[in-house]
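Worksheet for the structure shown next.
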Amino acid sequence: ITQDEARRRRREVEREADFYGAMDGASKFVKGDAIAAMLIAAVNIVAGVVIGIVQLGIPPAQALQRFALLTIGDGLVSQIPALLISTATGIIVTRAASEANLGNDVSRQLLSNPKALAVVAALLGALALVPGLPTLSLMAIAAGVGGVAYLTRQSQQRQLALAAAQEAAALAAPKEPESPSALLAVDPMEIEIGYGLIGLVEAGERGNLLDRITAIRRQTALELGFIVPTIRIRDNLQLSPNSYVIKLRGVEIARGELLANHYLAMNSGLASEEIEGIEAREPAFGLPALWITGAQREQAELLGYTVVDPSSVLATHLTEVIKAHAADILGRQDLQVLLNSLKVDYPAVVDDLIPGVLTVGEVHRVLQNLLRERVSIRDLVTILETLAARGRQTRDPDLLTEYVRQALARAICQQYRESNGQLYVLTLAPQLEQRLAASLQQTDQGMVISLEPSFAQRLLQDLVAELEKMVAQGHQPVIVCSPRIRLAFKRLTERVVPHLAVLAYNELNPKLEVNAVGIVGGDYDE
């Protein structure tokens with residue numbers, strides 16, 4: 001909430017506390033006065049009857065009639081002031097929670113509802129017809145109250161008519177032409193949802209998607225080192241009710257389907273038996289899953305299924321999409337914001353690099369190369385210092401990226417190190433590395449490996465087979481090769497194995513224990 005909203009809520013709490021505090025004291029006062037009046041009335045009747053019979057010798061029936069009548073009269077005379085006191089107390093209690101003056105409060109409360117004044121006028125007119133009551137006075141007061149009610153109602157109707165006329169005039173007034181620049185604006189990232197998923201965005205038990213997106217942006221900043229732009233969420237009636245689309249600068253990059261009132265149950269291999277549900281695919285990783293109802297959730301969890309709600313499914317998919325397209329999400333303006341923030345504490349680092357050594361565009365390409373392989377750019381100081389040192393030797397973004405990766409070796413190895421502190425990797429056979437190095441070619445897209453199609457297919461098949469063995473052992477897919485072919489080998493394999501981490505030998509932390517669990521190309525001829 002904003003600071004003004006916080007002040008308003010605080011004032012409301014203070015007024016409520018004052019109101020209930022005053023009400024508590026007033027109720028105790030009025031209650032004590034009423035109890036005292038009842039006790040006095042009882043004493044008057046009993047004591048009067050006893051005195052009339054014993055001292056005055058009046059018959060019991062006559063004594064009861066006389067002293068009961070006197071008690072009622074005394075009660076009326078004493079309770080009229082009590083009624084006035086109670087009314088005054090109510091006004092004072094109401095004033096405890098008000099910030100306006102008494103005159104404004106009374107006039108607003110009495111004149112806000114003409115129906116209440118009309119009812120009062122009718123009651124006064126009815127009392128004027130009762131024999132024994134002052135007819136003329138009651139009729140005059142009833143006429144006055146009725147006139148006030150009529151005038152109040154007319155005033156309210158005029159205000160409503162004026163408001164309606166102003167609204168109609170506003171709608172009929174010619175609108176200013178929309179700025180053409182507003183039509184050209186494209187949101188950096190947006191999520192379009194079908195009308196069946198609107199409940200995920202609205203406030204409520206299931207409407208926590210906005211909070212999850214905020215958490216995703218914070219998590220991305222910590223893991224990848226840059227701020228994801230604001231993600232706009234909008235409904236799209238052209239989509240099917242349960243579909244959603246993730247767009248990057250107006251272009252669709254991912255799509256999925258959710259059932260808003262269900263849960264997604266995934267079998268991680270530990271489920272003891274099957275459960276009924278609607279077959280589906282987990283959108284982030286494409287795993288087989290089932291949509292189950294809320295009544296089946298507890299049973300599925302007991303059977304060993306992993307059960308998540310629709311908001312978590314969409315949040316997980318969005319997180320993976322951001323990581324996969326981080327290089328495209330980071331724009332030059334976003335980089336300039338990072339540089340301006342860094343320049344406050346490290347002005348020499350930024351001024352030594354830009355614009356004397358490299359331009360913002362060249363630095364941007366290096367950061368994109370790092371993010372494309374999911375390397376965090378959070379340590380921007382080390383990255384810029386490395387670029388400043390190597391930028392005078394070459395301006396090739398690919399070669400500069402390799403230099404930066406060497407400087408970030410500890411962070412890169414930490415990213416793939418397992419819980420026991422070891423790094424498990426695959427290696428390339430020496431004869432295969434020599435053949436790949438001999439096949440390197442410089443193109444407009446950078447350094448690539450040019451191989452015969454049949455040999456390339458065999459290589460990729462053997463690589464996938466070794467990676468499957470590695471994953472079956474519970475290790476992350478990581479392969480180590482020589483620095484000369486690292487980037488080109490990554491480009492060769494990224495279409496088949498996009499999540500494969502390719503490290504160079506000079507990127508390995510000397511203090512880290514590395515275990516080779518397999519070799520690719522060991523049976524290839526020289």
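Lettering and numbering for the structure tokens are positional, with chains as A, B, ... in the shown order, residues counted from 1 in each chain, and ligands counted from 1 in the shown order.
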
*Tell me, as JSON, numbers by chain, which residues lie within 10 Å of stretch 452-454 of chain A, counting only C-alpha atoms; anything in the same chain fewer than 4 positions away does not count.*
{"A": [439, 458, 459]}

Expected file: the selected residues, all heavy atoms, as a compact mmCIF listing (two decimals), in the first residue's frame:
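Listing of result_23.txt after writing:
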```
# COMPACT_ATOMS: atom_id res chain seq x y z
N SER A 439 37.93 -28.84 -37.90
CA SER A 439 36.73 -28.50 -38.67
C SER A 439 36.20 -27.11 -38.34
O SER A 439 35.12 -26.73 -38.80
CB SER A 439 35.63 -29.54 -38.41
OG SER A 439 36.07 -30.84 -38.73
N ARG A 458 26.01 -39.01 -35.99
CA ARG A 458 26.55 -40.04 -35.10
C ARG A 458 27.06 -39.42 -33.82
O ARG A 458 26.84 -39.96 -32.72
CB ARG A 458 27.67 -40.79 -35.82
CG ARG A 458 28.33 -41.87 -34.95
CD ARG A 458 29.54 -42.46 -35.66
NE ARG A 458 30.24 -43.39 -34.79
CZ ARG A 458 31.42 -43.95 -35.10
NH1 ARG A 458 32.01 -43.66 -36.24
NH2 ARG A 458 31.99 -44.79 -34.24
N LEU A 459 27.74 -38.30 -33.93
CA LEU A 459 28.28 -37.63 -32.75
C LEU A 459 27.17 -37.22 -31.80
O LEU A 459 27.25 -37.43 -30.58
CB LEU A 459 29.10 -36.41 -33.18
CG LEU A 459 29.57 -35.48 -32.05
CD1 LEU A 459 30.46 -36.23 -31.07
CD2 LEU A 459 30.30 -34.26 -32.63
```

*Which polymer residues have any atom within 12 Å of an atom of A:Ser312, counting only C-alpha atoms, with same-chain residues fewer than 5 positions away left out, as a list in words?*
Leu200, Arg206, Gly207, Asn208, Leu209, Leu210, Asp211, Arg212, Ile213, Ala215, Ile216, Leu258, Ala260, His262, Tyr263, Leu264, Ala265, Glu282, Pro283, Ala284, Thr306, Val307, His317, Leu318 and Thr319 of chain A

*asked:* Which residues are close to A:Val46, i.e. within 10 Å by only C-alpha atoms, leaving aside same-chain residues fewer than 6 positions away? Reply as a list of chain:residue names.
replied: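 Answer for this query is A:Leu64, A:Phe67, A:Ala68.
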
Can I get the selected residues back with all heavy atoms, as a short mmCIF file (atom, residue, chain, number, x, y, z; two decimals), in the first residue's frame?
```cif
data_model
loop_
_atom_site.label_atom_id
_atom_site.label_comp_id
_atom_site.auth_asym_id
_atom_site.auth_seq_id
_atom_site.Cartn_x
_atom_site.Cartn_y
_atom_site.Cartn_z
N LEU A 64 -52.52 0.39 46.73
CA LEU A 64 -51.76 -0.03 45.56
C LEU A 64 -52.03 0.86 44.36
O LEU A 64 -51.12 1.25 43.62
CB LEU A 64 -52.10 -1.50 45.24
CG LEU A 64 -51.38 -2.10 44.02
CD1 LEU A 64 -49.88 -2.10 44.24
CD2 LEU A 64 -51.90 -3.51 43.76
N PHE A 67 -50.42 4.58 45.13
CA PHE A 67 -48.96 4.68 45.09
C PHE A 67 -48.36 4.16 43.77
O PHE A 67 -47.28 4.58 43.37
CB PHE A 67 -48.35 3.94 46.29
CG PHE A 67 -48.54 4.69 47.58
CD1 PHE A 67 -49.57 4.36 48.45
CD2 PHE A 67 -47.71 5.76 47.91
CE1 PHE A 67 -49.75 5.06 49.63
CE2 PHE A 67 -47.90 6.46 49.09
CZ PHE A 67 -48.92 6.12 49.96
N ALA A 68 -49.09 3.27 43.11
CA ALA A 68 -48.62 2.88 41.78
C ALA A 68 -48.73 4.04 40.80
O ALA A 68 -47.84 4.27 39.97
CB ALA A 68 -49.42 1.68 41.27
#
```

Neighbours of A:Val480 within 6 Å (only C-alpha atoms; same-chain residues fewer than 4 positions away dropped), as a compact mmCIF listing (two decimals) with all heavy atoms, in the first residue's frame?
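Result file is out-v3.txt:
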```
# COMPACT_ATOMS: atom_id res chain seq x y z
N THR A 427 33.54 -36.00 -20.93
CA THR A 427 34.69 -35.45 -21.66
C THR A 427 34.64 -35.93 -23.11
O THR A 427 33.95 -36.90 -23.44
CB THR A 427 36.01 -35.88 -21.02
OG1 THR A 427 36.09 -37.31 -21.03
CG2 THR A 427 36.12 -35.36 -19.59
N VAL A 502 28.30 -26.64 -21.49
CA VAL A 502 29.60 -26.93 -22.09
C VAL A 502 30.63 -26.03 -21.43
O VAL A 502 30.58 -24.80 -21.56
CB VAL A 502 29.57 -26.72 -23.62
CG1 VAL A 502 30.93 -27.06 -24.23
CG2 VAL A 502 28.46 -27.55 -24.26
N LEU A 503 31.58 -26.64 -20.71
CA LEU A 503 32.62 -25.90 -20.01
C LEU A 503 33.96 -26.17 -20.65
O LEU A 503 34.20 -27.24 -21.24
CB LEU A 503 32.67 -26.31 -18.53
CG LEU A 503 31.37 -26.23 -17.72
CD1 LEU A 503 31.62 -26.62 -16.28
CD2 LEU A 503 30.76 -24.84 -17.81
N ALA A 504 34.84 -25.19 -20.54
CA ALA A 504 36.22 -25.35 -21.00
C ALA A 504 37.09 -25.76 -19.82
O ALA A 504 36.77 -25.50 -18.66
CB ALA A 504 36.72 -24.06 -21.63
```

*Using only C-alpha atoms, which of A:Ile40, A:Met447, A:Thr214, A:Lys31 sits nearest A:Arg232?*
A:Thr214

*Which residues, written as a PyMOL selection string, have at least one atom at most 12 Å from A:Leu290, with only C-alpha atoms counted and residues fewer than 2 positions away on the same chain left out?*
chain A and resi 258-259+262-267+274-282+287-288+292-293+296-297+300+305-309

Expected file: the selected residues, N, CA and C atoms, as a PDB file, in the first residue's frame:
```pdb
ATOM      1  N   LEU A 258      -4.437 -24.485 -18.623  1.00  0.00           N
ATOM      2  CA  LEU A 258      -4.652 -24.731 -17.197  1.00  0.00           C
ATOM      3  C   LEU A 258      -6.130 -24.968 -16.947  1.00  0.00           C
ATOM      4  N   LEU A 259      -6.429 -25.712 -15.898  1.00  0.00           N
ATOM      5  CA  LEU A 259      -7.795 -25.852 -15.397  1.00  0.00           C
ATOM      6  C   LEU A 259      -7.844 -25.134 -14.059  1.00  0.00           C
ATOM      7  N   HIS A 262      -8.739 -26.954 -10.681  1.00  0.00           N
ATOM      8  CA  HIS A 262      -8.128 -28.264 -10.512  1.00  0.00           C
ATOM      9  C   HIS A 262      -6.687 -28.114 -10.041  1.00  0.00           C
ATOM     10  N   TYR A 263      -6.055 -29.243  -9.807  1.00  0.00           N
ATOM     11  CA  TYR A 263      -4.654 -29.294  -9.428  1.00  0.00           C
ATOM     12  C   TYR A 263      -3.930 -30.238 -10.390  1.00  0.00           C
ATOM     13  N   LEU A 264      -2.657 -29.931 -10.663  1.00  0.00           N
ATOM     14  CA  LEU A 264      -1.865 -30.743 -11.571  1.00  0.00           C
ATOM     15  C   LEU A 264      -1.049 -31.733 -10.752  1.00  0.00           C
ATOM     16  N   ALA A 265      -1.295 -33.022 -10.991  1.00  0.00           N
ATOM     17  CA  ALA A 265      -0.595 -34.086 -10.268  1.00  0.00           C
ATOM     18  C   ALA A 265       0.402 -34.735 -11.215  1.00  0.00           C
ATOM     19  N   MET A 266       1.674 -34.803 -10.793  1.00  0.00           N
ATOM     20  CA  MET A 266       2.743 -35.385 -11.603  1.00  0.00           C
ATOM     21  C   MET A 266       3.374 -36.542 -10.858  1.00  0.00           C
ATOM     22  N   ASN A 267       3.593 -37.624 -11.569  1.00  0.00           N
ATOM     23  CA  ASN A 267       4.213 -38.809 -10.994  1.00  0.00           C
ATOM     24  C   ASN A 267       5.723 -38.693 -11.144  1.00  0.00           C
ATOM     25  N   GLU A 274      -2.060 -45.697  -9.525  1.00  0.00           N
ATOM     26  CA  GLU A 274      -2.591 -44.671 -10.411  1.00  0.00           C
ATOM     27  C   GLU A 274      -3.796 -43.989  -9.791  1.00  0.00           C
ATOM     28  N   ILE A 275      -4.068 -42.785 -10.295  1.00  0.00           N
ATOM     29  CA  ILE A 275      -5.206 -42.012  -9.824  1.00  0.00           C
ATOM     30  C   ILE A 275      -5.952 -41.476 -11.041  1.00  0.00           C
ATOM     31  N   GLU A 276      -7.253 -41.328 -10.918  1.00  0.00           N
ATOM     32  CA  GLU A 276      -8.055 -40.847 -12.031  1.00  0.00           C
ATOM     33  C   GLU A 276      -7.903 -39.339 -12.189  1.00  0.00           C
ATOM     34  N   GLY A 277      -7.922 -38.895 -13.435  1.00  0.00           N
ATOM     35  CA  GLY A 277      -7.811 -37.472 -13.722  1.00  0.00           C
ATOM     36  C   GLY A 277      -7.808 -37.229 -15.219  1.00  0.00           C
ATOM     37  N   ILE A 278      -7.700 -35.967 -15.578  1.00  0.00           N
ATOM     38  CA  ILE A 278      -7.664 -35.557 -16.987  1.00  0.00           C
ATOM     39  C   ILE A 278      -6.211 -35.509 -17.430  1.00  0.00           C
ATOM     40  N   GLU A 279      -5.863 -36.295 -18.445  1.00  0.00           N
ATOM     41  CA  GLU A 279      -4.489 -36.354 -18.911  1.00  0.00           C
ATOM     42  C   GLU A 279      -4.058 -35.006 -19.492  1.00  0.00           C
ATOM     43  N   ALA A 280      -2.806 -34.639 -19.189  1.00  0.00           N
ATOM     44  CA  ALA A 280      -2.282 -33.357 -19.657  1.00  0.00           C
ATOM     45  C   ALA A 280      -0.759 -33.437 -19.685  1.00  0.00           C
ATOM     46  N   ARG A 281      -0.133 -32.343 -20.094  1.00  0.00           N
ATOM     47  CA  ARG A 281       1.307 -32.206 -20.106  1.00  0.00           C
ATOM     48  C   ARG A 281       1.700 -30.985 -19.284  1.00  0.00           C
ATOM     49  N   GLU A 282       2.678 -31.165 -18.423  1.00  0.00           N
ATOM     50  CA  GLU A 282       3.185 -30.018 -17.669  1.00  0.00           C
ATOM     51  C   GLU A 282       3.839 -29.064 -18.660  1.00  0.00           C
ATOM     52  N   LEU A 287       6.296 -32.803 -19.064  1.00  0.00           N
ATOM     53  CA  LEU A 287       6.149 -34.071 -18.364  1.00  0.00           C
ATOM     54  C   LEU A 287       4.688 -34.506 -18.366  1.00  0.00           C
ATOM     55  N   PRO A 288       4.421 -35.813 -18.429  1.00  0.00           N
ATOM     56  CA  PRO A 288       3.031 -36.276 -18.348  1.00  0.00           C
ATOM     57  C   PRO A 288       2.449 -36.000 -16.969  1.00  0.00           C
ATOM     58  N   ILE A 292      -6.488 -33.044 -11.488  1.00  0.00           N
ATOM     59  CA  ILE A 292      -7.370 -33.672 -10.509  1.00  0.00           C
ATOM     60  C   ILE A 292      -8.142 -32.588  -9.778  1.00  0.00           C
ATOM     61  N   THR A 293      -9.221 -32.996  -9.113  1.00  0.00           N
ATOM     62  CA  THR A 293     -10.037 -32.050  -8.360  1.00  0.00           C
ATOM     63  C   THR A 293      -9.430 -31.806  -6.976  1.00  0.00           C
ATOM     64  N   GLN A 296      -9.425 -34.728  -4.589  1.00  0.00           N
ATOM     65  CA  GLN A 296      -8.439 -35.781  -4.812  1.00  0.00           C
ATOM     66  C   GLN A 296      -7.029 -35.376  -4.407  1.00  0.00           C
ATOM     67  N   ARG A 297      -6.839 -34.141  -4.018  1.00  0.00           N
ATOM     68  CA  ARG A 297      -5.484 -33.652  -3.774  1.00  0.00           C
ATOM     69  C   ARG A 297      -4.795 -34.418  -2.645  1.00  0.00           C
ATOM     70  N   ALA A 300      -3.853 -37.933  -3.693  1.00  0.00           N
ATOM     71  CA  ALA A 300      -2.728 -37.970  -4.625  1.00  0.00           C
ATOM     72  C   ALA A 300      -1.404 -37.743  -3.900  1.00  0.00           C
ATOM     73  N   TYR A 305       2.282 -38.550  -5.480  1.00  0.00           N
ATOM     74  CA  TYR A 305       2.266 -37.605  -6.595  1.00  0.00           C
ATOM     75  C   TYR A 305       2.719 -36.219  -6.117  1.00  0.00           C
ATOM     76  N   THR A 306       3.307 -35.472  -7.031  1.00  0.00           N
ATOM     77  CA  THR A 306       3.611 -34.069  -6.786  1.00  0.00           C
ATOM     78  C   THR A 306       2.435 -33.244  -7.278  1.00  0.00           C
ATOM     79  N   VAL A 307       1.771 -32.534  -6.368  1.00  0.00           N
ATOM     80  CA  VAL A 307       0.541 -31.823  -6.686  1.00  0.00           C
ATOM     81  C   VAL A 307       0.800 -30.316  -6.569  1.00  0.00           C
ATOM     82  N   VAL A 308       0.470 -29.576  -7.611  1.00  0.00           N
ATOM     83  CA  VAL A 308       0.659 -28.122  -7.625  1.00  0.00           C
ATOM     84  C   VAL A 308      -0.613 -27.460  -8.130  1.00  0.00           C
ATOM     85  N   ASP A 309      -0.826 -26.221  -7.713  1.00  0.00           N
ATOM     86  CA  ASP A 309      -2.002 -25.475  -8.139  1.00  0.00           C
ATOM     87  C   ASP A 309      -1.733 -24.787  -9.475  1.00  0.00           C
TER      88      ASP A 309
END
```

*Rounded to one decimal in Å, what is the spacing between atom CA of A:Leu335 and atom CA of A:Phe226?*
8.4 Å

Using only C-alpha atoms, find each residue of stretch 207-323 of chain A with at least one atom at most 12 Å away from an atom of stretch 348-371 of chain A; report its shortest atom-to-atom pair and that distance in Å (one decimal), sort the rows by chain and rising residue number, and return the result as CSV.
```
residue,atom,partner,partner_atom,distance
A:Thr220,CA,A:Leu371,CA,11.6
A:Glu223,CA,A:Leu371,CA,10.7
A:Leu224,CA,A:Leu371,CA,7.4
A:Gly225,CA,A:Leu371,CA,9.4
A:Phe226,CA,A:Leu371,CA,9.9
A:Ile322,CA,A:Leu371,CA,10.5
A:Lys323,CA,A:Leu371,CA,8.1
```

Restricting the output to N, CA, C and O atoms, write the selected residues as a compact mmCIF listing (two decimals), in the first residue's frame.
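The resulting result.txt:
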```txt
# COMPACT_ATOMS: atom_id res chain seq x y z
N THR A 220 14.78 -13.86 -10.38
CA THR A 220 15.58 -13.72 -11.59
C THR A 220 16.71 -12.71 -11.39
O THR A 220 17.83 -12.90 -11.87
N GLU A 223 19.40 -14.58 -9.47
CA GLU A 223 20.05 -15.68 -10.17
C GLU A 223 20.78 -15.23 -11.43
O GLU A 223 21.90 -15.69 -11.70
N LEU A 224 20.16 -14.37 -12.23
CA LEU A 224 20.75 -13.98 -13.52
C LEU A 224 21.39 -12.60 -13.49
O LEU A 224 22.16 -12.27 -14.38
N GLY A 225 21.02 -11.76 -12.52
CA GLY A 225 21.71 -10.49 -12.38
C GLY A 225 21.11 -9.32 -13.13
O GLY A 225 21.78 -8.29 -13.28
N PHE A 226 19.88 -9.41 -13.63
CA PHE A 226 19.24 -8.27 -14.27
C PHE A 226 17.76 -8.25 -13.90
O PHE A 226 17.20 -9.28 -13.50
N ILE A 322 11.60 -17.22 -19.03
CA ILE A 322 12.49 -16.08 -18.79
C ILE A 322 13.95 -16.51 -18.86
O ILE A 322 14.79 -15.84 -19.46
N LYS A 323 14.27 -17.65 -18.23
CA LYS A 323 15.65 -18.13 -18.27
C LYS A 323 16.08 -18.48 -19.69
O LYS A 323 17.23 -18.21 -20.08
```

_I'd like to know which residues of stretch 345-482 of chain A are alpha helix (DSSP H) (by DSSP, run on the backbone); could you write them as a count of residues only?_
80

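Closest to A:Gln406 among A:Leu440, A:Ala271, A:Leu508, A:Met38 is A:Leu508, based on only C-alpha atoms.
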